[in-house]
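> Sharing a structure here in structure tokens format.
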Amino acid sequence: MKRMWVRAVATATALGLVAGAVALAATGTTTAPDRPVRALGANGDGDVGLADGEGGAEITPVSGKVATPHRTASLAALPQRPPTRVPWVKKELRLEGGEEGAGSEEARPVLGSSTSLDQGDEALQADRGTDQMPVPDLQVAGLGAAANPFKLVPPDPNGDVGGGYYLQMVNIAFAIFDADTGAKVDGPIFMSSLFDPGAQKLCATHDDGDPIVVYDEYADVWVISQFALNLNKPKFAECIAVSHTSDPTGTWFAYQFDYPNQNVLNDYPKFGVWPAANNSAYFASYNQFRCNSSVCDFAWRGAGALAYERDAMIAGDPAGQVYVNLFGTDPNLGGQLPTDADGPSMPGANQPNVFMQFDADEWGYPEDQLELWEFSVDWDTDGATFVGPQILETANFNPWICGTNKTYCVPQKGTKTKVDALNDRLMYRLQYRRFGADDERMVVTHTVRASKGQAGLRWYELMDDGTGWEIANQGTYSPDEKKSRWMGSVAMDDAGNIAAGYSLSSKKIFPSIAIAGRTAGAAANTFDLAERKVFKGPGSEDGRYGRWGDYSDMTVAEDGCTFYYTQQYYKKTGQWKWATRIVSFQLPGCAV
């Protein structure tokens, strides 16, 4: 979900409900005078904290309350408790309210210096590609709006594959499918049903959404999550369940993690599996909004970064969390992604998890750029380091698709309603894959303005050959001037092929689902596998909200070659008639 992001320049608020603070060690970076300082490093005197002559606040990691798990029955024996509270995802719509396109000012907080839409894209790919994406091996219906007792927009489709299953979540339920046949095995199930209504009341009585599904292939367990928000107390939590085995129809360990900073609401959680020895964690990023006992006005309160104690959660033991609040350091940080590891080779011992976001010169930054931080945690002391950023200059792009501070930019067939491109943030996931000690890769995507004002898919392949992260390939895929491509997700297989899935729309076509990609030997900065429309949408989102997304999910099976993608569409033109699809396919040169 995405709420109104209000630009704010302030220092960090006090944390009243945390303990065990440990000083943070970090490194600095050079900043331009007209941009917020990234004060994550030592000054000229060697002290941790502020850069010389610049503002900002030192950040200190804090340990939150340890969570004790509830062991569930198997899903078949689990008593289903349909939620009775109106979930936040519906209240959010009431909060936004207003006319068609309301909330177009909800862009990430940025400096905002340029209103020009004329800057070209240095990495634009206007041709389709020399070869064709394959026909999907599997295409089935996922969950739809009928799975929920409330009218919810958007669905936030998310899923992963493992243990012979595909598990999909939408706001506010999940279902389990056979990964080979697509047959539904169980669901829809409300995630709140996994929690103890006595000891875990917040998670047991709230299905507030923003679902995440990851399969931890290094431990052969499933991890699913959503947040729980009690705006009356207020009290906020992240609800996380870890399966006992690779079979998601069995029993689970359910954890209610109270958010360590109870002065803010923990929005837009994004997770990454990180099995590095001595830095094993489920890392998560959050967007924060002010909501405490004195005021709940949803004012922007920056980025939060969290590590959850992975090894303890896999074992079903009480588990800790370590939190870093970045708001006092730079209130403009937000929409970050943690790295999510795939593939047979694990990250190296002590290897930090990379957090990433992008910024643009249109927002007052020196150049269009990716920004990388490194997050490490010590579970013996509940200490942590959050180091960065490393700044990687990208090929020029323009984040403003249809005008400054406008995000409702994507046209649809049969309606004047334009839907949200979410062009202010990276799209889930930031996938990591290790091919060797001197060959590590990450892939990620976001939405930019293409040649004629349509939304285009900017993608990156980053590589570390032992000397540090660099951009190995990048491009903006937009092979025509009439169709918008947005709400993408990318992943890489064991052969180094890259697949992208996304929504496709224009004034003449209903929002549809498409895939495109790149083989490992393709020419630099190009998708050589031309777009294939895998599902033709039969309708458009029409109404007052225009809320499309907020994310989709491209994942890779344990065989290292089979991609699975889930995305939304509309069954018929209207406000509530969304549905989802699940597709799978393989790219050339990857042997199962």
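Simple scheme: letters A, B, ... for chains in structure tokens order, numbers from 1 for residues in each chain, numbers from 1 for ligands in the order shown.
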Could you pull out all residues of region 327-512 of chain A with a DSSP call of strand (DSSP E) and give them as a ChimeraX atom specification?
/A:337-342,353-359,369-378,383-393,408-412,415-420,427-436,439-449,455-464,469-477,484-492,498-506,509-512
> Region 303-343 of chain A near region 388-401 of chain A within 12 Å: what's each residue's closest atom pair and its distance in Å to one decimal, counting only C-alpha atoms, ordered by chain then ascending residue number, as JSON lines?

{"residue": "A:Leu326", "atom": "CA", "partner": "A:Gly388", "partner_atom": "CA", "distance": 11.7}
{"residue": "A:Thr329", "atom": "CA", "partner": "A:Gly388", "partner_atom": "CA", "distance": 11.6}
{"residue": "A:Asp330", "atom": "CA", "partner": "A:Pro389", "partner_atom": "CA", "distance": 11.6}
{"residue": "A:Leu333", "atom": "CA", "partner": "A:Pro389", "partner_atom": "CA", "distance": 11.2}
> How about saving the chosen residues, N, CA, C and O atoms kept, as a PDB file, in the first residue's frame?

ATOM      1  N   LEU A 326      16.071   5.657   9.872  1.00  0.00           N
ATOM      2  CA  LEU A 326      16.886   6.511   9.008  1.00  0.00           C
ATOM      3  C   LEU A 326      16.329   7.917   8.857  1.00  0.00           C
ATOM      4  O   LEU A 326      16.913   8.730   8.145  1.00  0.00           O
ATOM      5  N   THR A 329      18.589  10.880   9.811  1.00  0.00           N
ATOM      6  CA  THR A 329      19.744  10.999   8.940  1.00  0.00           C
ATOM      7  C   THR A 329      19.384  11.653   7.624  1.00  0.00           C
ATOM      8  O   THR A 329      20.082  12.529   7.137  1.00  0.00           O
ATOM      9  N   ASP A 330      18.290  11.225   7.039  1.00  0.00           N
ATOM     10  CA  ASP A 330      17.833  11.790   5.762  1.00  0.00           C
ATOM     11  C   ASP A 330      16.344  11.527   5.630  1.00  0.00           C
ATOM     12  O   ASP A 330      15.925  10.397   5.369  1.00  0.00           O
ATOM     13  N   LEU A 333      14.812   9.571   2.439  1.00  0.00           N
ATOM     14  CA  LEU A 333      14.971   8.154   2.131  1.00  0.00           C
ATOM     15  C   LEU A 333      13.619   7.453   2.214  1.00  0.00           C
ATOM     16  O   LEU A 333      12.799   7.752   3.087  1.00  0.00           O
TER      17      LEU A 333
END
> For Ser193 (chain A), find every residue with an atom within 12 Å (counting only C-alpha atoms), except residues of its own chain fewer than 6 positions away, and show them as a ChimeraX atom specification.
/A:70-84,172-174,187,200-207,239,241,252,254
> Find the residues around Ile240 (chain A) up to 8 Å (only C-alpha atoms counted), leave out those fewer than 5 positions away in its own chain, and share them as a list in words.
Val223, Ile224, Ser225, Gln226, Ala254, Tyr255, Gln256 and Phe257 of chain A
> For those residues, write C-alpha atoms to a file as a short mmCIF file (atom, residue, chain, number, x, y, z; two decimals), in the first residue's frame.

data_model
loop_
_atom_site.label_atom_id
_atom_site.label_comp_id
_atom_site.auth_asym_id
_atom_site.auth_seq_id
_atom_site.Cartn_x
_atom_site.Cartn_y
_atom_site.Cartn_z
CA VAL A 223 8.04 -17.17 5.11
CA ILE A 224 4.86 -15.11 4.77
CA SER A 225 4.09 -11.72 6.24
CA GLN A 226 1.64 -8.86 6.52
CA ALA A 254 3.66 -17.63 13.85
CA TYR A 255 5.45 -14.53 15.20
CA GLN A 256 4.00 -11.17 16.16
CA PHE A 257 6.84 -8.63 16.10
#
> Can you work out the spacing between CA of Asp378 (chain A) and CA of Val264 (chain A) in Å, to one decimal?
24.8 Å
> Could you please write out, as a list in words, every residue of region 257-430 of chain A that DSSP assigns to helix (DSSP H, G or I)?
Arg310, Asp311, Ala312, Met313, Ile314, Ala315, Asp361, Glu362 and Trp363 of chain A
> Could you dump the residues just selected with C-alpha atoms as a JSON list (two decimals), in the first residue's frame?

[["chain", "number", "residue", "atom", "x", "y", "z"],
["A", 310, "ARG", "CA", 16.24, -16.00, 10.90],
["A", 311, "ASP", "CA", 17.94, -18.99, 12.56],
["A", 312, "ALA", "CA", 15.70, -18.78, 15.62],
["A", 313, "MET", "CA", 12.56, -18.47, 13.49],
["A", 314, "ILE", "CA", 13.47, -21.51, 11.40],
["A", 315, "ALA", "CA", 13.83, -23.49, 14.64],
["A", 361, "ASP", "CA", 18.55, 14.71, -10.95],
["A", 362, "GLU", "CA", 14.97, 15.93, -11.48],
["A", 363, "TRP", "CA", 14.64, 15.57, -7.71]]
> Within 9 Å of Gln288 (chain A), counting only C-alpha atoms, which residues qualify if same-chain residues fewer than 3 places away don't, as number ranges by chain?
A: 264-268, 298-304, 327, 334
